[in-house]
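**Q** To start, I am sharing the structure in question, which I have written as structure tokens.
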Amino acid sequence: MRAIITGISGQDGAYLAQSLLKKGVSVIGLVRNSSSSLFGLQYLGIDREVEIKEIDLGNDQNVNSLFTELKPDYVFNLAAQSSVAESFRNPHSTILFNLHSTLNILSAIRTYSPNTHLYQATSSEMYGSVKSLPISENTLLNPQSPYAVSKSACHHLVKNYRSSYDIHASSGILFNHESVLRRKNFFIMKIIRTALDIQRGKQEFLEVGNIEIKRDFGYAPAYIEAMIKMVQMDDPEDYIICSGKSVSLKDIAYHLFDFLGIDRDRIRINSSLFRPSEISDIYGDNSRAKSQLGWEYNMDFTEVIEKIAIEYKENIYHD
Ligand code: NAP
């Protein structure tokens with residue numbers, strides 16, 4: 001079996017490659033250019049086992065040629081400008097890349113590789129502010145950021161190609177999932193790095209935006225398994241992958257600081273870090289993924305943050 005992973009340099013790409021390799025699937029990882037970091041693959045010790053190819057996913061001819069040549073069994077489309085905050089700063093490039101690359105892949109599968117099964121990374125951000133919780137696959141989309149708009153468009157495109165052209169394509173609607181390989185600008189890694197800097201006397205305070213908001217957080221290596229199960233289903237469908245519980249950013253930060261023995265007074269609110277629009281609370285319903293995919297997940301987020309903090313401190317953080 002052969003799989004293509006776009007966005008191999010990201011958090012999910014690395015863990016997904018690791019899991020697929022363990023299952024005996026050969027992996028081709030796509031990067032935009034040679035400056036994409038392969039730290040995740042190196043950290044997991046699999047950089048020599050993944051074949052890396054450079055490609056502009058926004059160029060339809062390049063994507064068509066790739067699928068004509070490789071005809072992969074699976075493609076996991078993870079590449080995206082994935083930061084909500086960055087999407088407010090750069091809405092054009094976020095929407096253009098995220099949507100265009102997905103359209104190119106769907107079109108290439110349709111014409112040149114119709115037996116390929118596609119996993120499309122979409123996001124809980126698509127639901128925006130909702131009238132009732134938990135969010136399920138039937139909740140109406142109500143995106144509140146350019147990032148969320150781009151992922152909503154991808155989500156509809158996948159549905160459209162699936163029903164119009166009988167393509168095996170599924171969207172994984174993932175809620176926040178974290179690991180030591182999460183990019184440094186995301187909340188969890190930001191607070192872990194800053195907390196360790198405070199312990200070492202390198203910084204005095206952790207500055208945060210609105211930490212009253214609540215999110216449904218999980219552990220990335222466990223969420224990856226649901227992606228693989230989705231492409232292996234007889235019939236493609238979209239699934240919510242989440243922990244099923246929300247926790248406030250404040251509780252997470254307090255738990256981390258208590259765990260590391262740092263005074264909570266070192267956490268400061270900076271209103272300039274508040275976002276133009278913010279969803280107060282979201283959590284999802286993972287029962288369909290559990291019953292239909294057979295996906296298992298029972299981790300509590302306190303367990304996740306402690307695990308990531310210890311691993312980061314021992315293996316990655318430098319004084
Ligand atoms: P990530 O660490 O931010 O990785 C994003 C990947 O996309 C990187 O490989 C990046 O390459 C690539 N990329 C970004 N812009 C690109 C461009 N213009 N051209 C080509 N490649 C580009 O994301 P992740 O956490 O692994 O998430 C994987 C996918 O799941 C993303 O689509 C994300 O939106 C979605 N998602 C993630 C979460 C989460 O909590 N992690 C939740 C819901 C959905 P470079 O290294 O070259 O920048």
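Letters A, B, ... go to the chains of the structure tokens in the order shown; residues in each chain start at 1; ligands are counted from 1 in the same order.
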Ligand 1: which residues are within 7 Å, counting only C-alpha atoms and all ligand atoms? Reply as a ChimeraX atom specification.

**A** /A:6-13,31-33,35-37,56-57,78-83,97,121-124,173-178,182-183

**Q** Give the strand (DSSP E or B) residues of segment 117-256 of chain A, as DSSP finds them on the backbone, and put them as a list in words.

**A**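 Listing strand (DSSP E or B) positions across segment 117-256 of chain A yields His117, Leu118, Tyr119, Gln120, Ala121, Thr122, Ser123, Ile135, Ala169, Ser170, Ser171, Gly172, Ile173, Leu174, His177, Glu178, Leu206, Glu207, Val208, Lys214, Arg215, Gly218, Tyr219, Tyr239, Ile240, Ile241, Val247 and Ser248 of chain A.
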
**Q** Closest to Met189 of chain A among A:Asp319, A:Glu311, A:Asp263, A:Glu54, using only C-alpha atoms?

**A**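 Ranked by minimum distance to Met189 of chain A, first place goes to A:Glu311.
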
**Q** Got a sec to tell me which of segment 13-148 of chain A DSSP assigns to helix (DSSP H, G or I), as a VMD selection string?

**A** chain A and resid 13 to 22 39 to 43 60 to 70 84 to 89 91 to 112 124 to 127 146 to 148

**Q** When you count only C-alpha atoms, which of these residues is closest to Asp265 of chain A: A:Leu38, A:Leu66, A:Leu206, A:Val247?

**A**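 Nearest candidate to Asp265 of chain A out of A:Leu38, A:Leu66, A:Leu206, A:Val247: A:Leu206.
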
**Q** Find the residues near Ile262 of chain A: any atom within 9 Å, counting only C-alpha atoms, skip ones fewer than 6 places away on the same chain, and give them as number ranges by chain.

**A** A: 195, 198-199, 256

**Q** Could the residues in this selection be saved with all heavy atoms as a PDB file, in the first residue's frame?

**A**
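Below is the file that was written, selection.pdb:
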```pdb
ATOM      1  N   ALA A 195       6.467  28.630  30.391  1.00  0.00           N
ATOM      2  CA  ALA A 195       6.564  28.157  31.783  1.00  0.00           C
ATOM      3  C   ALA A 195       7.978  27.650  32.068  1.00  0.00           C
ATOM      4  O   ALA A 195       8.560  27.947  33.122  1.00  0.00           O
ATOM      5  CB  ALA A 195       5.543  27.047  32.021  1.00  0.00           C
ATOM      6  N   ILE A 198      10.251  30.542  32.439  1.00  0.00           N
ATOM      7  CA  ILE A 198      10.072  31.191  33.751  1.00  0.00           C
ATOM      8  C   ILE A 198      10.843  30.396  34.811  1.00  0.00           C
ATOM      9  O   ILE A 198      11.547  30.963  35.645  1.00  0.00           O
ATOM     10  CB  ILE A 198       8.568  31.327  34.103  1.00  0.00           C
ATOM     11  CG1 ILE A 198       7.889  32.324  33.154  1.00  0.00           C
ATOM     12  CG2 ILE A 198       8.387  31.783  35.556  1.00  0.00           C
ATOM     13  CD1 ILE A 198       6.366  32.370  33.257  1.00  0.00           C
ATOM     14  N   GLN A 199      10.729  29.071  34.748  1.00  0.00           N
ATOM     15  CA  GLN A 199      11.476  28.222  35.701  1.00  0.00           C
ATOM     16  C   GLN A 199      12.976  28.484  35.630  1.00  0.00           C
ATOM     17  O   GLN A 199      13.666  28.468  36.639  1.00  0.00           O
ATOM     18  CB  GLN A 199      11.246  26.743  35.366  1.00  0.00           C
ATOM     19  CG  GLN A 199      10.098  26.119  36.086  1.00  0.00           C
ATOM     20  CD  GLN A 199      10.106  24.592  35.920  1.00  0.00           C
ATOM     21  OE1 GLN A 199      10.604  24.050  34.937  1.00  0.00           O
ATOM     22  NE2 GLN A 199       9.516  23.911  36.878  1.00  0.00           N
ATOM     23  N   LEU A 256      -0.998  23.535  34.446  1.00  0.00           N
ATOM     24  CA  LEU A 256       0.412  23.407  34.045  1.00  0.00           C
ATOM     25  C   LEU A 256       1.331  24.093  35.058  1.00  0.00           C
ATOM     26  O   LEU A 256       2.355  23.523  35.463  1.00  0.00           O
ATOM     27  CB  LEU A 256       0.614  24.018  32.648  1.00  0.00           C
ATOM     28  CG  LEU A 256       2.060  24.026  32.170  1.00  0.00           C
ATOM     29  CD1 LEU A 256       2.536  22.606  31.845  1.00  0.00           C
ATOM     30  CD2 LEU A 256       2.223  24.907  30.928  1.00  0.00           C
TER      31      LEU A 256
END
```

**Q** Find the spatial neighbours of segment 131-147 of chain A, counting only C-alpha atoms, within a cut-off of 8 Å - ignore same-chain residues fewer than 3 positions away - and output them as an mmCIF file with N, CA and C atoms, in the first residue's frame.

**A**
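After the write, selection-v2.cif holds the following:
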```cif
data_model
loop_
_atom_site.group_PDB
_atom_site.id
_atom_site.type_symbol
_atom_site.label_atom_id
_atom_site.label_comp_id
_atom_site.auth_asym_id
_atom_site.auth_seq_id
_atom_site.Cartn_x
_atom_site.Cartn_y
_atom_site.Cartn_z
ATOM 1 N N GLN A 81 -2.678 26.473 5.713
ATOM 2 C CA GLN A 81 -2.347 27.534 6.653
ATOM 3 C C GLN A 81 -3.307 27.270 7.800
ATOM 4 N N SER A 82 -2.785 26.840 8.960
ATOM 5 C CA SER A 82 -3.642 26.225 9.977
ATOM 6 C C SER A 82 -3.900 27.093 11.209
ATOM 7 N N SER A 83 -3.421 28.322 11.185
ATOM 8 C CA SER A 83 -3.600 29.170 12.370
ATOM 9 C C SER A 83 -4.764 30.151 12.177
ATOM 10 N N VAL A 84 -5.686 30.150 13.147
ATOM 11 C CA VAL A 84 -6.818 31.091 13.093
ATOM 12 C C VAL A 84 -6.293 32.531 13.151
ATOM 13 N N SER A 87 -4.811 33.674 10.015
ATOM 14 C CA SER A 87 -5.803 33.850 8.943
ATOM 15 C C SER A 87 -6.456 35.223 8.997
ATOM 16 N N PHE A 88 -6.527 35.833 10.198
ATOM 17 C CA PHE A 88 -7.038 37.209 10.274
ATOM 18 C C PHE A 88 -6.005 38.177 9.699
ATOM 19 N N PRO A 91 -5.871 36.850 5.266
ATOM 20 C CA PRO A 91 -7.047 36.079 4.807
ATOM 21 C C PRO A 91 -6.936 35.594 3.367
ATOM 22 N N THR A 94 -4.589 32.538 3.057
ATOM 23 C CA THR A 94 -5.167 31.395 3.776
ATOM 24 C C THR A 94 -6.272 30.749 2.943
ATOM 25 N N ILE A 95 -7.199 31.564 2.489
ATOM 26 C CA ILE A 95 -8.344 31.011 1.756
ATOM 27 C C ILE A 95 -7.902 30.451 0.404
ATOM 28 N N GLU A 125 -13.372 24.420 13.965
ATOM 29 C CA GLU A 125 -13.548 25.871 13.830
ATOM 30 C C GLU A 125 -14.681 26.200 12.854
ATOM 31 N N MET A 126 -15.028 25.272 11.979
ATOM 32 C CA MET A 126 -16.095 25.507 10.991
ATOM 33 C C MET A 126 -17.436 25.798 11.652
ATOM 34 N N TYR A 127 -17.637 25.301 12.871
ATOM 35 C CA TYR A 127 -18.951 25.443 13.516
ATOM 36 C C TYR A 127 -19.149 26.801 14.157
ATOM 37 N N GLY A 128 -18.061 27.506 14.447
ATOM 38 C CA GLY A 128 -18.180 28.837 15.030
ATOM 39 C C GLY A 128 -18.994 28.828 16.303
ATOM 40 N N SER A 150 -12.265 28.895 5.079
ATOM 41 C CA SER A 150 -11.532 28.061 4.108
ATOM 42 C C SER A 150 -11.806 26.580 4.358
ATOM 43 N N LYS A 151 -11.833 26.176 5.621
ATOM 44 C CA LYS A 151 -12.057 24.753 5.920
ATOM 45 C C LYS A 151 -13.512 24.349 5.623
ATOM 46 N N SER A 152 -14.445 25.289 5.814
ATOM 47 C CA SER A 152 -15.850 24.993 5.494
ATOM 48 C C SER A 152 -16.010 24.763 3.996
ATOM 49 N N ASP A 238 -18.020 11.668 6.785
ATOM 50 C CA ASP A 238 -17.291 12.666 7.570
ATOM 51 C C ASP A 238 -17.501 12.369 9.058
ATOM 52 N N TYR A 239 -16.442 12.542 9.829
ATOM 53 C CA TYR A 239 -16.532 12.226 11.259
ATOM 54 C C TYR A 239 -15.934 13.327 12.120
ATOM 55 N N ILE A 240 -16.573 13.591 13.243
ATOM 56 C CA ILE A 240 -16.007 14.457 14.269
ATOM 57 C C ILE A 240 -15.059 13.633 15.139
ATOM 58 N N GLY A 244 -14.652 15.127 23.533
ATOM 59 C CA GLY A 244 -16.015 15.134 24.061
ATOM 60 C C GLY A 244 -16.187 16.017 25.296
ATOM 61 N N SER A 277 -12.929 38.096 16.796
ATOM 62 C CA SER A 277 -14.163 37.400 17.198
ATOM 63 C C SER A 277 -13.737 36.094 17.848
ATOM 64 N N GLU A 278 -14.468 35.697 18.858
ATOM 65 C CA GLU A 278 -14.027 34.555 19.660
ATOM 66 C C GLU A 278 -15.233 33.717 20.060
ATOM 67 N N ILE A 282 -16.618 25.435 23.024
ATOM 68 C CA ILE A 282 -17.049 24.352 22.128
ATOM 69 C C ILE A 282 -16.528 23.005 22.618
ATOM 70 N N TYR A 283 -17.357 22.021 22.436
ATOM 71 C CA TYR A 283 -16.908 20.641 22.582
ATOM 72 C C TYR A 283 -17.775 19.773 21.674
ATOM 73 N N GLY A 284 -17.223 18.627 21.332
ATOM 74 C CA GLY A 284 -17.901 17.812 20.334
ATOM 75 C C GLY A 284 -18.427 16.502 20.889
ATOM 76 N N ASP A 285 -19.131 15.802 20.010
ATOM 77 C CA ASP A 285 -19.685 14.485 20.328
ATOM 78 C C ASP A 285 -18.917 13.468 19.463
ATOM 79 N N ASN A 286 -18.125 12.623 20.110
ATOM 80 C CA ASN A 286 -17.316 11.674 19.339
ATOM 81 C C ASN A 286 -17.967 10.281 19.250
#
```
